[in-house]
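Visitor: See model-v5.txt below, with compact mmCIF, C-alpha atoms.
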# COMPACT_ATOMS: atom_id res chain seq x y z
CA MET A 1 86.48 44.32 58.10
CA THR A 2 88.79 46.06 55.66
CA ALA A 3 91.30 48.80 56.40
CA PRO A 4 90.14 52.36 55.72
CA ARG A 5 91.06 53.81 52.36
CA HIS A 6 93.98 56.17 52.60
CA ALA A 7 93.20 58.49 49.63
CA GLU A 8 96.66 60.08 49.73
CA ILE A 9 98.39 61.19 46.55
CA VAL A 10 101.85 62.59 45.93
CA ARG A 11 102.08 65.45 43.45
CA PHE A 12 104.56 68.16 42.52
CA LEU A 13 103.90 71.66 43.87
CA GLY A 14 106.44 74.43 43.39
CA ASP A 15 109.57 73.10 45.05
CA GLY A 16 109.04 69.35 44.97
CA ASP A 17 106.71 66.45 45.59
CA HIS A 18 104.21 66.80 48.43
CA ASN A 19 101.62 64.52 50.01
CA PHE A 20 97.97 65.55 49.70
CA ARG A 21 95.04 63.92 51.45
CA LEU A 22 91.44 64.83 52.13
CA ALA A 23 90.08 62.53 54.82
CA LEU A 24 86.64 63.12 56.34
CA GLY A 25 87.77 65.93 58.65
CA GLU A 26 89.55 67.76 55.84
CA LEU A 27 86.55 67.30 53.53
CA ARG A 28 84.32 68.87 56.16
CA GLU A 29 86.69 71.81 56.54
CA LEU A 30 86.84 72.23 52.76
CA GLN A 31 83.06 72.08 52.58
CA ASP A 32 82.83 74.83 55.22
CA LYS A 33 85.37 77.00 53.37
CA THR A 34 83.78 76.62 49.93
CA GLY A 35 80.11 76.28 50.81
CA VAL A 36 79.63 73.16 48.68
CA GLY A 37 80.18 69.44 48.96
CA PRO A 38 83.21 67.69 47.46
CA LEU A 39 81.47 66.36 44.35
CA VAL A 40 80.05 69.79 43.46
CA LEU A 41 83.47 71.31 44.06
CA TYR A 42 85.13 68.67 41.87
CA ARG A 43 82.68 69.37 39.06
CA ARG A 44 83.19 73.13 39.38
CA LEU A 45 86.94 72.67 39.02
CA LEU A 46 86.58 70.47 35.94
CA GLN A 47 83.98 72.66 34.28
CA GLY A 48 85.88 75.92 34.79
CA GLU A 49 83.25 77.33 37.15
CA TRP A 50 85.53 77.39 40.20
CA ARG A 51 86.26 80.22 42.59
CA VAL A 52 89.74 81.11 43.77
CA ASP A 53 89.21 79.55 47.20
CA ASP A 54 87.86 76.35 45.62
CA MET A 55 91.31 75.72 44.19
CA ARG A 56 93.39 77.39 46.90
CA GLU A 57 91.70 75.81 49.92
CA THR A 58 91.64 72.35 48.34
CA ILE A 59 95.41 72.48 47.96
CA ARG A 60 96.06 74.00 51.41
CA ILE A 61 93.77 71.60 53.27
CA GLY A 62 95.08 68.70 51.18
CA LEU A 63 98.64 69.54 52.24
CA VAL A 64 97.63 69.55 55.91
CA GLY A 65 95.77 66.26 55.46
CA GLY A 66 98.89 64.88 53.78
CA GLY A 67 100.99 65.64 56.85
CA ALA A 68 102.21 69.24 56.45
CA ASP A 69 101.84 71.49 59.48
CA ALA A 70 99.47 74.44 58.98
CA PRO A 71 102.18 77.14 58.79
CA SER A 72 104.13 75.19 56.16
CA ALA A 73 100.96 74.60 54.13
CA PHE A 74 100.15 78.33 54.23
CA LYS A 75 103.68 79.18 53.09
CA LEU A 76 103.58 76.69 50.22
CA VAL A 77 100.22 77.98 49.06
CA ALA A 78 101.29 81.61 49.33
CA ARG A 79 104.38 80.95 47.27
CA TYR A 80 103.27 78.35 44.74
CA VAL A 81 99.54 78.97 44.41
CA ASP A 82 98.89 82.63 45.19
CA ASP A 83 101.93 83.92 43.29
CA VAL A 84 101.44 81.97 40.03
CA PRO A 85 98.77 82.13 37.33
CA LEU A 86 95.54 80.74 38.76
CA LEU A 87 95.06 78.11 36.08
CA ALA A 88 98.40 76.51 36.95
CA ASN A 89 96.95 74.64 39.93
CA VAL A 90 93.32 73.93 39.04
CA MET A 91 93.98 70.35 37.90
CA LEU A 92 96.06 69.68 41.02
CA ALA A 93 93.06 70.67 43.13
CA ALA A 94 90.81 68.42 41.04
CA GLU A 95 93.23 65.49 41.46
CA ILE A 96 93.27 65.97 45.25
CA ILE A 97 89.47 65.84 45.43
CA ASN A 98 89.32 62.95 42.98
CA ALA A 99 91.60 60.92 45.25
CA ALA A 100 89.24 61.54 48.17
CA LEU A 101 86.16 60.58 46.17
CA SER A 102 87.50 57.62 44.22
CA ARG A 103 89.24 54.33 44.70
CA PRO A 104 92.87 54.99 43.76
CA GLU A 105 94.49 52.93 41.03
CA GLY A 106 95.73 49.61 42.32
CA GLU A 107 93.57 49.65 45.44
CA PRO A 108 91.37 46.54 45.45
CA ALA A 109 87.62 46.75 45.89
CA ASP A 110 86.05 45.24 48.99
CA GLU A 111 85.26 41.59 48.45
CA ASP A 112 81.74 42.19 49.81
CA ASP A 113 80.84 44.94 47.30
CA ASP A 114 78.84 42.64 45.00
CA ASP A 115 76.88 41.15 47.89
CA ASP A 116 75.82 44.28 49.74
CA ASP A 117 73.37 46.64 48.02
CA GLN A 118 74.08 49.30 50.66
CA LYS A 119 77.74 49.57 49.62
CA LYS A 120 78.67 51.46 46.50
CA THR A 121 82.22 51.75 45.27
CA MET A 122 83.34 55.02 43.75
CA THR A 123 84.99 54.67 40.39
CA THR A 124 87.84 56.89 39.33
CA MET A 125 86.22 60.09 38.20
CA GLU A 126 87.98 61.02 35.00
CA PRO A 127 86.52 63.63 32.66
CA ASP A 128 85.48 62.38 29.24
CA ALA A 129 87.10 63.59 26.03
CA SER A 130 85.02 66.79 26.16
CA GLY A 131 86.44 67.62 29.60
CA SER A 132 83.04 67.10 31.24
CA PRO A 133 82.87 65.24 34.54
CA PRO A 134 81.31 61.81 34.56
CA SER A 135 77.52 61.66 34.62
CA THR A 136 77.56 59.35 37.62
CA ALA A 137 79.98 58.89 40.47
CA LEU A 138 78.72 55.52 41.61
CA ALA A 139 79.29 52.11 40.14
CA GLY A 140 77.61 49.06 41.36
Would you put the structure from the file into structure tokens?
Guide:
Amino acid sequence: MTAPRHAEIVRFLGDGDHNFRLALGELRELQDKTGVGPLVLYRRLLQGEWRVDDMRETIRIGLVGGGADAPSAFKLVARYVDDVPLLANVMLAAEIINAALSRPEGEPADEDDDDDDQKKTMTTMEPDASGSPPSTALAG
């Protein structure tokens, strides 16, 4: 049995580096807030079809998942997301979701992946040169 994937990233937001993480509970909350699943939300962000709360809630919930208390996350979002041009934080939101959906760089694949047809390993979901999301999220 392998340890669960952590999916935490550290990125700059406003006043410094912050931890962001969307574990299962945070993904469910984000899904409830945006009305779509994480892959659809990721694609909307990359394709420029996002809504304000797609970006905003991804960052806020990611901060809480990364260890910030809810009031601090709200303050950071109010100051460094709500009060800046909207496009400034779209890619941050996409990176937070990407970390939840993908195997982070340097994290080894499970040794059993090749032997178990039921397991599929997510590859890092980078847009191609056109900025379009990948056509498939599963490798195997």
Visitor: Could you please determine the separation between CA of Arg51 in chain A and CA of Ala94 in chain A in Å, to one decimal place?
Guide: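 Computed distance, CA of Arg51 in chain A to CA of Ala94 in chain A, equals 12.7 Å.
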Visitor: Please indicate the distance in Å from CA of Gly67 in chain A to CA of His18 in chain A, rounded to one decimal place.
Guide: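 According to the coordinates, CA of Gly67 in chain A and CA of His18 in chain A are separated by 9.1 Å.
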Visitor: Rounded to one decimal place, report the CA of Val52 in chain A-CA of His6 in chain A distance in Å.
Guide: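 Here the two named atoms are 26.8 Å from each other.
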Visitor: Which is closest to Glu26 in chain A among A:Val10, A:Val64, A:Leu41, A:Met91, if we use all atoms listed in the file?
Guide: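 Checking each candidate against Glu26 in chain A, we get A:Val64 as the closest.
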Visitor: Taking all atoms listed in the file into account, name the residue in A:Leu45, A:Arg28, A:Gly16, A:Gly37 that is nearest to Leu86 in chain A.
Guide: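 Closest candidate: A:Leu45.
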Visitor: With distances taken over all atoms listed in the file, which of A:Leu46, A:Ile96, A:Val90, A:Leu13 is nearest to Val77 in chain A?
Guide: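 Among A:Leu46, A:Ile96, A:Val90, A:Leu13, it is A:Leu13 that comes nearest to Val77 in chain A.
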Visitor: Which one is closest to Asn89 in chain A: A:Val40, A:Leu24, A:Leu30, A:Ile59? Count all atoms listed in the file.
Guide: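 For Asn89 in chain A, the nearest of the given residues is A:Ile59.
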